[in-house]
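One structure is given here, and the rest of the page talks about it.
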Amino acid sequence: MFDQAALIIGGETRRSGSGGMLAVVDPATDEVIAELPRGGASEAQEAAACAAEGFAEWSAKSAFERYQILRRAAVLMRERAEAAAETMAREQGKPRAQALAEWNGSADLLDWSAEEGRRTYGRIVPGRAPDISLAVLHRPIGPVAIMAPWNFPAWGPMQKIAPALAAGCSIVVKPSEDTPVTAWAIARCLLDAGVTPKAVSLVWGRASEVSDALIKAPEIRKISLTGSTRVGRLVAAAAGAELKKVTMELGGHAPVIVAADADLDALVPLAVTWKFRNAGQVCVSPTRFLVDDALHDAFVSRFAAEAARLVVGNGLEPTTQMGPLTTAGQLQSVDAMIQDAVSAGAKLETGGARIGNIGNFYQPTILSGMRPEMRAMNEEPFGPVALVMRTASLDEALAEANRLPVGLGSYAFTHSDATAARIAASMRAGMLGLNHFALALPETPFGGVLDSGFGSEGGTEAVQSYMTTMLVTHKH
């Protein structure tokens, strides 16, 4: 796929761009695996203009016809899954098995959204007079600019692509420059399945330049972003100045409350699997483990022992359980945060160092003795590091869980229904997992509160977020 990938403007391939060339680097080997054309403001503006034309054609198709096309795209994705998984493992670094699951899960998102697109029902409202009828209609909002992350190169953009297309919107996708080829592979499936060509564009380039052009383009009517809270503030401000609707999934720092009655036999293997999935580069990765004093020592000992046994290596190797971080900058950020915590008194239970000098490999790391004032407890590490803080009560754990101004994913482990109910009533987060860590499914809403963004992706909420509401009142 690396030798085929290119920009796509209104369904057409572009093998040159105003931004020069982009080198895509394998984070496991430091090898340049692709030299791709790089777009800029001019390509973004042209893509937006195409999206306006594509919207007129795509939105005019019946919901059933759009459903059929998107279902065909999902079939194509599954047929191309093996090659796509290898591509993702090479450009992003995650183990191939995780890449394959992500790609196939993204096809599931297309299926789910295609079905939901057939069910964007309006409603009839009883009139106050016998000759007045009232109807509420839902219509696609228009061309959408999609700004996708590098940590999930397939699932991230598809959370936005699938509901937008299902609703009848056209799309301009700006994937991360670190992982553009996976997004290209998705776009090819959509176009090959029969999505209106001008309804699909793919432009990567300098983030600020491309994003700014898309936000300001008059044709674009909605911005959907997954990114950091810092970037979210900038995009929200720029979109607000243009009075454009936004959906934002921003940073998190997921707490895990481990109550005194938690089952460590169940928790510890789950914690290792989910904490170090994708090298911890997950917006809902369990990170702040708030462990009751009664279980603290046993939990830390077992957690560290299992984490130390993880096999770290190239994502293409079948034995690899954790791959490299995606960028050298992310590796340096994670290492600095860990060293800062240790210098402030945290105890390094396992890990804490880079592996080798080729690629962005880092040891799975667990720190105990964490305190609220430490940097890592306040800034999302976004890497393979778990932070353990001893708590004396459920009140203390809840206070720490809710202390930060973010609220995306959260978790708690307890056998008590009363404790679970209290946590659910008290937790300030968009999502809560009780006794497990799985949050993202096509059929459920995914999103945060506070500084973690607004709006939901997934579930019935997703397609609705790409639509407007119109009242039609008719005097007969």
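As shown in the structure tokens, the chain order sets the letters A, B, ...; within each chain, residues go from 1, and ligands are also counted from 1 in the order they appear.
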**OP:** Could you please write out, as a ChimeraX atom specification, every residue of region 198-307 of chain A that DSSP assigns to alpha helix (DSSP H)?
**Re:** /A:207-216,229-241,264-275,293-307
Residue contacts of Met377 (chain A) (12 Å, only C-alpha atoms) excluding same-chain residues fewer than 3 positions away, as a tab-separated table (two decimals) with all heavy atoms, in the first residue's frame:
chain	number	residue	atom	x	y	z
A	252	GLY	N	-7.77	12.70	28.02
A	252	GLY	CA	-8.29	12.11	29.25
A	252	GLY	C	-7.15	11.79	30.20
A	252	GLY	O	-5.99	12.13	29.93
A	253	HIS	N	-7.46	11.16	31.29
A	253	HIS	CA	-6.43	10.69	32.24
A	253	HIS	C	-7.16	9.70	33.14
A	253	HIS	O	-7.42	9.97	34.31
A	253	HIS	CB	-5.86	11.85	33.04
A	253	HIS	CG	-4.50	11.59	33.64
A	253	HIS	ND1	-4.14	10.37	34.14
A	253	HIS	CD2	-3.42	12.41	33.80
A	253	HIS	CE1	-2.90	10.44	34.60
A	253	HIS	NE2	-2.44	11.67	34.40
A	254	ALA	N	-7.50	8.54	32.58
A	254	ALA	CA	-8.50	7.66	33.16
A	254	ALA	C	-8.13	7.11	34.54
A	254	ALA	O	-7.09	6.47	34.71
A	254	ALA	CB	-8.77	6.50	32.22
A	255	PRO	N	-9.00	7.35	35.54
A	255	PRO	CA	-8.81	6.76	36.86
A	255	PRO	C	-9.36	5.34	36.90
A	255	PRO	O	-10.29	5.00	36.16
A	255	PRO	CB	-9.63	7.68	37.76
A	255	PRO	CG	-10.76	8.14	36.88
A	255	PRO	CD	-10.17	8.24	35.50
A	287	THR	N	-4.99	4.53	33.69
A	287	THR	CA	-3.69	5.12	34.02
A	287	THR	C	-3.51	5.40	35.51
A	287	THR	O	-2.50	5.01	36.10
A	287	THR	CB	-3.48	6.42	33.23
A	287	THR	OG1	-3.53	6.12	31.83
A	287	THR	CG2	-2.13	7.06	33.54
A	288	ARG	N	-4.47	6.08	36.14
A	288	ARG	CA	-4.33	6.40	37.57
A	288	ARG	C	-5.05	5.31	38.39
A	288	ARG	O	-6.26	5.35	38.56
A	288	ARG	CB	-4.94	7.77	37.87
A	288	ARG	CG	-4.17	8.94	37.29
A	288	ARG	CD	-4.84	10.26	37.65
A	288	ARG	NE	-6.15	10.41	37.03
A	288	ARG	CZ	-7.18	11.07	37.55
A	288	ARG	NH1	-7.06	11.65	38.73
A	288	ARG	NH2	-8.32	11.16	36.89
A	289	PHE	N	-4.30	4.36	38.90
A	289	PHE	CA	-4.86	3.26	39.69
A	289	PHE	C	-4.95	3.70	41.14
A	289	PHE	O	-3.93	3.89	41.81
A	289	PHE	CB	-4.02	2.00	39.54
A	289	PHE	CG	-4.15	1.35	38.18
A	289	PHE	CD1	-3.43	1.83	37.09
A	289	PHE	CD2	-5.00	0.27	38.00
A	289	PHE	CE1	-3.56	1.24	35.84
A	289	PHE	CE2	-5.13	-0.34	36.75
A	289	PHE	CZ	-4.41	0.16	35.67
A	290	LEU	N	-6.16	3.89	41.62
A	290	LEU	CA	-6.42	4.38	42.97
A	290	LEU	C	-6.84	3.18	43.81
A	290	LEU	O	-8.00	2.75	43.80
A	290	LEU	CB	-7.50	5.46	42.93
A	290	LEU	CG	-7.29	6.51	41.82
A	290	LEU	CD1	-8.46	7.47	41.74
A	290	LEU	CD2	-5.97	7.26	42.03
A	337	MET	N	8.38	12.29	31.92
A	337	MET	CA	7.35	12.27	32.95
A	337	MET	C	7.66	11.22	34.02
A	337	MET	O	7.47	11.44	35.21
A	337	MET	CB	5.99	12.00	32.31
A	337	MET	CG	4.82	12.55	33.10
A	337	MET	SD	3.26	12.47	32.18
A	337	MET	CE	3.51	13.75	30.97
A	338	ILE	N	8.16	10.07	33.58
A	338	ILE	CA	8.51	9.00	34.52
A	338	ILE	C	9.69	9.43	35.40
A	338	ILE	O	9.67	9.25	36.63
A	338	ILE	CB	8.84	7.71	33.75
A	338	ILE	CG1	7.57	7.13	33.13
A	338	ILE	CG2	9.51	6.67	34.68
A	338	ILE	CD1	7.82	6.00	32.15
A	340	ASP	N	10.60	12.40	36.16
A	340	ASP	CA	10.12	13.46	37.05
A	340	ASP	C	9.43	12.86	38.27
A	340	ASP	O	9.65	13.30	39.41
A	340	ASP	CB	9.16	14.39	36.30
A	340	ASP	CG	8.57	15.46	37.20
A	340	ASP	OD1	9.24	16.47	37.45
A	340	ASP	OD2	7.42	15.27	37.67
A	341	ALA	N	8.61	11.83	38.05
A	341	ALA	CA	7.89	11.20	39.17
A	341	ALA	C	8.87	10.52	40.12
A	341	ALA	O	8.74	10.62	41.36
A	341	ALA	CB	6.87	10.19	38.64
A	344	ALA	N	10.59	12.87	42.28
A	344	ALA	CA	9.71	13.45	43.29
A	344	ALA	C	9.29	12.45	44.36
A	344	ALA	O	8.49	12.78	45.24
A	344	ALA	CB	8.45	14.02	42.61
A	346	ALA	N	8.34	8.91	43.72
A	346	ALA	CA	7.63	7.71	43.29
A	346	ALA	C	8.59	6.53	43.24
A	346	ALA	O	9.79	6.70	43.03
A	346	ALA	CB	6.99	7.93	41.93
A	367	LEU	N	4.64	2.71	38.34
A	367	LEU	CA	5.12	3.56	39.43
A	367	LEU	C	4.14	3.50	40.59
A	367	LEU	O	2.94	3.65	40.40
A	367	LEU	CB	5.24	5.01	38.95
A	367	LEU	CG	6.28	5.31	37.87
A	367	LEU	CD1	6.06	6.72	37.33
A	367	LEU	CD2	7.69	5.16	38.42
A	368	SER	N	4.65	3.30	41.78
A	368	SER	CA	3.81	3.36	42.98
A	368	SER	C	4.23	4.58	43.80
A	368	SER	O	5.19	5.27	43.47
A	368	SER	CB	3.95	2.08	43.80
A	368	SER	OG	5.29	1.95	44.30
A	369	GLY	N	3.48	4.83	44.87
A	369	GLY	CA	3.79	5.99	45.71
A	369	GLY	C	3.46	7.31	45.04
A	369	GLY	O	4.03	8.35	45.39
A	370	MET	N	2.54	7.27	44.10
A	370	MET	CA	2.17	8.50	43.39
A	370	MET	C	1.36	9.43	44.31
A	370	MET	O	0.58	8.97	45.14
A	370	MET	CB	1.36	8.18	42.14
A	370	MET	CG	2.11	7.35	41.11
A	370	MET	SD	3.66	8.11	40.52
A	370	MET	CE	3.04	9.60	39.71
A	371	ARG	N	1.56	10.73	44.12
A	371	ARG	CA	0.82	11.74	44.88
A	371	ARG	C	0.18	12.73	43.90
A	371	ARG	O	0.70	12.95	42.80
A	371	ARG	CB	1.76	12.48	45.84
A	371	ARG	CG	2.43	11.57	46.86
A	371	ARG	CD	3.17	12.39	47.93
A	371	ARG	NE	4.08	13.38	47.35
A	371	ARG	CZ	5.33	13.11	46.98
A	371	ARG	NH1	5.81	11.89	47.13
A	371	ARG	NH2	6.10	14.07	46.48
A	372	PRO	N	-0.91	13.35	44.29
A	372	PRO	CA	-1.65	14.22	43.37
A	372	PRO	C	-0.85	15.35	42.77
A	372	PRO	O	-1.14	15.78	41.65
A	372	PRO	CB	-2.80	14.75	44.24
A	372	PRO	CG	-2.99	13.72	45.29
A	372	PRO	CD	-1.63	13.19	45.58
A	373	GLU	N	0.17	15.83	43.47
A	373	GLU	CA	0.90	16.99	42.95
A	373	GLU	C	1.94	16.62	41.88
A	373	GLU	O	2.51	17.51	41.23
A	373	GLU	CB	1.60	17.74	44.09
A	373	GLU	CG	2.71	16.97	44.79
A	373	GLU	CD	2.22	16.11	45.95
A	373	GLU	OE1	1.00	15.87	46.03
A	373	GLU	OE2	3.07	15.70	46.77
A	374	MET	N	2.21	15.34	41.69
A	374	MET	CA	3.22	14.93	40.71
A	374	MET	C	2.72	15.22	39.30
A	374	MET	O	1.54	15.09	38.99
A	374	MET	CB	3.55	13.45	40.87
A	374	MET	CG	4.29	13.13	42.16
A	374	MET	SD	4.58	11.34	42.32
A	374	MET	CE	5.55	11.30	43.83
A	380	GLU	N	-1.69	13.83	31.08
A	380	GLU	CA	-1.89	12.50	30.53
A	380	GLU	C	-0.58	11.96	29.95
A	380	GLU	O	-0.02	12.54	29.02
A	380	GLU	CB	-2.95	12.56	29.43
A	380	GLU	CG	-3.32	11.21	28.87
A	380	GLU	CD	-4.40	11.32	27.79
A	380	GLU	OE1	-4.57	12.42	27.21
A	380	GLU	OE2	-5.06	10.30	27.52
A	381	PRO	N	-0.06	10.84	30.48
A	381	PRO	CA	1.22	10.32	29.97
A	381	PRO	C	1.14	9.82	28.53
A	381	PRO	O	2.09	9.96	27.77
A	381	PRO	CB	1.54	9.17	30.94
A	381	PRO	CG	0.72	9.44	32.15
A	381	PRO	CD	-0.52	10.11	31.68
A	382	PHE	N	0.04	9.18	28.16
A	382	PHE	CA	-0.16	8.65	26.82
A	382	PHE	C	1.00	7.75	26.42
A	382	PHE	O	1.62	7.91	25.37
A	382	PHE	CB	-0.34	9.79	25.80
A	382	PHE	CG	-1.37	9.47	24.74
A	382	PHE	CD1	-2.70	9.35	25.08
A	382	PHE	CD2	-0.99	9.29	23.42
A	382	PHE	CE1	-3.66	9.06	24.11
A	382	PHE	CE2	-1.94	8.99	22.44
A	382	PHE	CZ	-3.27	8.88	22.79
A	385	VAL	N	2.80	3.52	30.86
A	385	VAL	CA	3.10	3.76	32.27
A	385	VAL	C	1.81	3.77	33.07
A	385	VAL	O	0.84	4.45	32.72
A	385	VAL	CB	3.89	5.07	32.47
A	385	VAL	CG1	3.19	6.25	31.80
A	385	VAL	CG2	4.12	5.36	33.94
A	386	ALA	N	1.79	2.98	34.14
A	386	ALA	CA	0.66	2.93	35.08
A	386	ALA	C	1.09	3.60	36.37
A	386	ALA	O	2.19	3.36	36.88
A	386	ALA	CB	0.24	1.49	35.34
A	387	LEU	N	0.22	4.45	36.91
A	387	LEU	CA	0.49	5.21	38.12
A	387	LEU	C	-0.39	4.68	39.25
A	387	LEU	O	-1.61	4.66	39.13
A	387	LEU	CB	0.18	6.69	37.88
A	387	LEU	CG	0.72	7.29	36.57
A	387	LEU	CD1	0.17	8.68	36.35
A	387	LEU	CD2	2.25	7.30	36.58
A	388	VAL	N	0.23	4.25	40.34
A	388	VAL	CA	-0.53	3.65	41.45
A	388	VAL	C	-0.47	4.56	42.67
A	388	VAL	O	0.61	4.93	43.13
A	388	VAL	CB	0.00	2.25	41.80
A	388	VAL	CG1	-0.87	1.61	42.89
A	388	VAL	CG2	0.03	1.35	40.56
A	389	MET	N	-1.65	4.88	43.19
A	389	MET	CA	-1.76	5.72	44.38
A	389	MET	C	-2.56	4.95	45.44
A	389	MET	O	-3.62	4.41	45.16
A	389	MET	CB	-2.47	7.03	44.03
A	389	MET	CG	-2.76	7.94	45.21
A	389	MET	SD	-3.51	9.50	44.65
A	389	MET	CE	-4.30	10.04	46.17
A	400	GLU	N	-9.94	11.90	44.22
A	400	GLU	CA	-8.82	11.93	43.28
A	400	GLU	C	-9.30	11.67	41.86
A	400	GLU	O	-8.84	12.31	40.91
A	400	GLU	CB	-7.76	10.90	43.68
A	400	GLU	CG	-6.65	10.68	42.65
A	400	GLU	CD	-5.89	11.95	42.29
A	400	GLU	OE1	-5.81	12.89	43.12
A	400	GLU	OE2	-5.35	12.01	41.16
A	401	ALA	N	-10.22	10.73	41.68
A	401	ALA	CA	-10.72	10.42	40.34
A	401	ALA	C	-11.32	11.65	39.68
A	401	ALA	O	-11.16	11.87	38.47
A	401	ALA	CB	-11.76	9.30	40.41
A	403	ARG	N	-10.65	14.86	40.49
A	403	ARG	CA	-9.88	16.07	40.77
A	403	ARG	C	-9.50	16.84	39.50
A	403	ARG	O	-9.46	18.07	39.49
A	403	ARG	CB	-8.60	15.68	41.53
A	403	ARG	CG	-7.68	16.85	41.88
A	403	ARG	CD	-6.47	16.37	42.66
A	403	ARG	NE	-5.69	15.39	41.94
A	403	ARG	CZ	-4.76	15.66	41.03
A	403	ARG	NH1	-4.51	16.93	40.71
A	403	ARG	NH2	-4.10	14.70	40.42
A	404	LEU	N	-9.24	16.13	38.42
A	404	LEU	CA	-8.77	16.78	37.20
A	404	LEU	C	-9.92	17.35	36.38
A	404	LEU	O	-11.05	16.88	36.47
A	404	LEU	CB	-7.97	15.78	36.36
A	404	LEU	CG	-6.72	15.20	37.01
A	404	LEU	CD1	-6.02	14.24	36.05
A	404	LEU	CD2	-5.76	16.31	37.43
**OP:** May I ask which of the residues A:Leu398, A:Leu243, A:Ala438, A:Ala308 is the closest one to Asp292 (chain A), counting only C-alpha atoms?
**Re:**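 Smallest separation from Asp292 (chain A) among the options: A:Leu398.
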Original post:
Quick one: distance from CA of Ser208 (chain A) to CA of Lys174 (chain A) in Å, one decimal?
Top reply: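 Value for the CA of Ser208 (chain A)-CA of Lys174 (chain A) distance: 10.9 Å.
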**OP:** Could you check which of A:Val312, A:Val258, A:Leu137, A:Ile223 is closest to Asp293 (chain A), using only C-alpha atoms?
**Re:**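 Smallest separation from Asp293 (chain A) among the options: A:Val258.
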**OP:** Quick one: everything within 12 Å of Pro197 (chain A), counting only C-alpha atoms, minus sequence neighbours fewer than 6 positions away in the same chain. Send it as a list of chain:residue names.
**Re:** A:Ile8, A:Ile9, A:Gly10, A:Gly11, A:Glu12, A:Thr13, A:Ala47, A:Cys50, A:Ala51, A:Ala52, A:Glu53, A:Gly54, A:Phe55, A:Ala56, A:Glu57, A:Trp58, A:Ser170, A:Ile171, A:Val172, A:Ala187, A:Arg188, A:Cys189, A:Leu190, A:Leu191
Original post:
Near Arg38 (chain A), counting only C-alpha atoms, which residues have an atom at most 7 Å away, once you skip same-chain residues fewer than 2 positions from it, shown as a VMD selection string?
Top reply: chain A and resid 17 to 22 36 40 204 to 205
Original post:
At what distance in Å, to one decimal, does CA of Asn435 (chain A) lie from CA of Thr414 (chain A)?
Top reply: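 Answer for the CA of Thr414 (chain A) to CA of Asn435 (chain A) separation: 6.7 Å.
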**OP:** Write out as number ranges by chain each polymer residue whose atoms come within 9 Å of Ala6 (chain A), counting only C-alpha atoms; drop sequence neighbours fewer than 5 positions from it.
**Re:** A: 13-16, 36-38, 180-181, 184, 202-203
Expected file contents, prior selection, N, CA, C and O atoms, as a tab-separated table (two decimals), in the first residue's frame:
chain	number	residue	atom	x	y	z
A	13	THR	N	-6.92	10.81	-7.38
A	13	THR	CA	-5.59	10.67	-6.80
A	13	THR	C	-4.70	11.84	-7.20
A	13	THR	O	-4.67	12.26	-8.35
A	14	ARG	N	-3.96	12.35	-6.22
A	14	ARG	CA	-2.98	13.41	-6.46
A	14	ARG	C	-1.60	12.94	-5.97
A	14	ARG	O	-1.43	12.67	-4.79
A	15	ARG	N	-0.66	12.91	-6.88
A	15	ARG	CA	0.67	12.42	-6.54
A	15	ARG	C	1.68	13.53	-6.32
A	15	ARG	O	2.89	13.30	-6.27
A	16	SER	N	1.20	14.76	-6.21
A	16	SER	CA	2.05	15.87	-5.82
A	16	SER	C	1.22	16.81	-4.98
A	16	SER	O	-0.02	16.83	-5.06
A	36	LEU	N	5.55	10.39	0.45
A	36	LEU	CA	4.22	10.72	-0.06
A	36	LEU	C	4.09	12.21	-0.35
A	36	LEU	O	4.76	13.03	0.29
A	37	PRO	N	3.23	12.58	-1.30
A	37	PRO	CA	2.95	14.00	-1.51
A	37	PRO	C	2.31	14.60	-0.28
A	37	PRO	O	1.51	13.95	0.40
A	38	ARG	N	2.65	15.84	-0.01
A	38	ARG	CA	2.15	16.52	1.18
A	38	ARG	C	1.28	17.69	0.76
A	38	ARG	O	1.70	18.53	-0.04
A	180	PRO	N	-0.68	8.22	7.64
A	180	PRO	CA	-1.64	8.57	6.58
A	180	PRO	C	-2.09	7.40	5.72
A	180	PRO	O	-3.17	7.46	5.12
A	181	VAL	N	-1.30	6.33	5.64
A	181	VAL	CA	-1.59	5.30	4.65
A	181	VAL	C	-2.80	4.46	5.04
A	181	VAL	O	-3.58	4.02	4.18
A	184	TRP	N	-5.74	6.31	3.87
A	184	TRP	CA	-5.84	6.16	2.42
A	184	TRP	C	-6.50	4.83	2.08
A	184	TRP	O	-7.36	4.77	1.17
A	202	LEU	N	-9.09	13.25	0.91
A	202	LEU	CA	-8.12	12.88	1.93
A	202	LEU	C	-6.90	13.79	1.75
A	202	LEU	O	-6.22	13.72	0.72
A	203	VAL	N	-6.65	14.66	2.73
A	203	VAL	CA	-5.55	15.62	2.63
A	203	VAL	C	-4.74	15.59	3.92
A	203	VAL	O	-5.27	15.87	5.00
**OP:** Tell me, in Å to one decimal, how far CA of Pro445 (chain A) is from CA of Gly194 (chain A).
**Re:**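 CA of Gly194 (chain A) lies 27.8 Å from CA of Pro445 (chain A).
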Wanna dump the region 145-226 of chain A-region 60-74 of chain A contacts at 12 Å for me, each residue with its shortest atom pair and the distance in Å to one decimal, counting only C-alpha atoms, ordered by chain and number, as a Markdown table?
| residue | atom | partner | partner_atom | distance |
| --- | --- | --- | --- | --- |
| A:Met158 | CA | A:Ala74 | CA | 11.0 |
| A:Ile161 | CA | A:Leu70 | CA | 10.5 |
| A:Ala162 | CA | A:Leu70 | CA | 8.1 |
| A:Pro163 | CA | A:Leu70 | CA | 10.3 |
| A:Ala164 | CA | A:Arg66 | CA | 11.2 |
| A:Leu165 | CA | A:Arg66 | CA | 7.8 |
| A:Ala166 | CA | A:Arg66 | CA | 6.5 |
| A:Ala167 | CA | A:Ala63 | CA | 7.8 |
| A:Gly168 | CA | A:Arg66 | CA | 7.6 |
| A:Cys169 | CA | A:Ala60 | CA | 10.1 |
| A:Ser170 | CA | A:Ala60 | CA | 11.4 |
| A:Ala185 | CA | A:Ala73 | CA | 11.1 |
| A:Ile186 | CA | A:Ala73 | CA | 8.6 |
| A:Ala187 | CA | A:Ala73 | CA | 9.4 |
| A:Arg188 | CA | A:Ala73 | CA | 9.0 |
| A:Cys189 | CA | A:Ala73 | CA | 5.3 |
| A:Leu190 | CA | A:Ala73 | CA | 5.2 |
| A:Leu191 | CA | A:Ala73 | CA | 8.1 |
| A:Asp192 | CA | A:Ala73 | CA | 7.4 |
| A:Ala193 | CA | A:Ala73 | CA | 5.0 |
| A:Gly194 | CA | A:Ile69 | CA | 5.9 |
| A:Val195 | CA | A:Ile69 | CA | 6.4 |
| A:Thr196 | CA | A:Ile69 | CA | 9.7 |
| A:Ala199 | CA | A:Ala60 | CA | 11.9 |
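Between Ile257 (chain A) and the candidates A:Glu306, A:Glu396, A:Glu82, A:Glu102, the tightest atom-to-atom separation, counting only C-alpha atoms, involves A:Glu396.
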Subject >> Shell of 10 Å around Leu225 (chain A), only C-alpha atoms, local chain residues under 4 positions omitted, as a list of chain:residue names >> reply: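 So, after excluding close chain neighbours, the residues are A:Ala145, A:Ile146, A:Met147, A:Ala148, A:Pro149, A:Gly156, A:Pro157, A:Lys160, A:Lys174, A:Val231, A:Gly232, A:Val235, A:Ala236, A:Val246, A:Thr247, A:Met248, A:Glu249, A:Leu250, A:Gly453.
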Could you please take those selected residues and save C-alpha atoms as a PDB file, in the first residue's frame?
ATOM      1  CA  ALA A 145     -13.964  18.162   7.991  1.00  0.00           C
ATOM      2  CA  ILE A 146     -12.569  15.190   9.885  1.00  0.00           C
ATOM      3  CA  MET A 147      -9.344  15.554  11.888  1.00  0.00           C
ATOM      4  CA  ALA A 148      -8.141  12.132  12.962  1.00  0.00           C
ATOM      5  CA  PRO A 149      -5.425  10.930  15.381  1.00  0.00           C
ATOM      6  CA  GLY A 156     -10.153   7.050  14.879  1.00  0.00           C
ATOM      7  CA  PRO A 157     -11.150   8.365  11.439  1.00  0.00           C
ATOM      8  CA  LYS A 160     -16.346  10.063  12.158  1.00  0.00           C
ATOM      9  CA  LYS A 174      -7.174  15.064   7.487  1.00  0.00           C
ATOM     10  CA  VAL A 231      -5.561  21.507  20.194  1.00  0.00           C
ATOM     11  CA  GLY A 232      -9.270  21.190  20.937  1.00  0.00           C
ATOM     12  CA  VAL A 235     -10.010  24.317  16.915  1.00  0.00           C
ATOM     13  CA  ALA A 236     -13.137  25.092  18.954  1.00  0.00           C
ATOM     14  CA  VAL A 246     -18.072  20.706  16.335  1.00  0.00           C
ATOM     15  CA  THR A 247     -17.729  17.281  17.894  1.00  0.00           C
ATOM     16  CA  MET A 248     -14.592  16.833  19.956  1.00  0.00           C
ATOM     17  CA  GLU A 249     -13.021  13.843  21.657  1.00  0.00           C
ATOM     18  CA  LEU A 250     -10.108  15.303  23.584  1.00  0.00           C
ATOM     19  CA  GLY A 453     -14.651  17.422  24.800  1.00  0.00           C
TER      20      GLY A 453
END
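If you measure from each of A:His436, A:Lys245, A:His138, A:Arg206 to Pro286 (chain A) using only C-alpha atoms, the closest one turns out to be A:His436.
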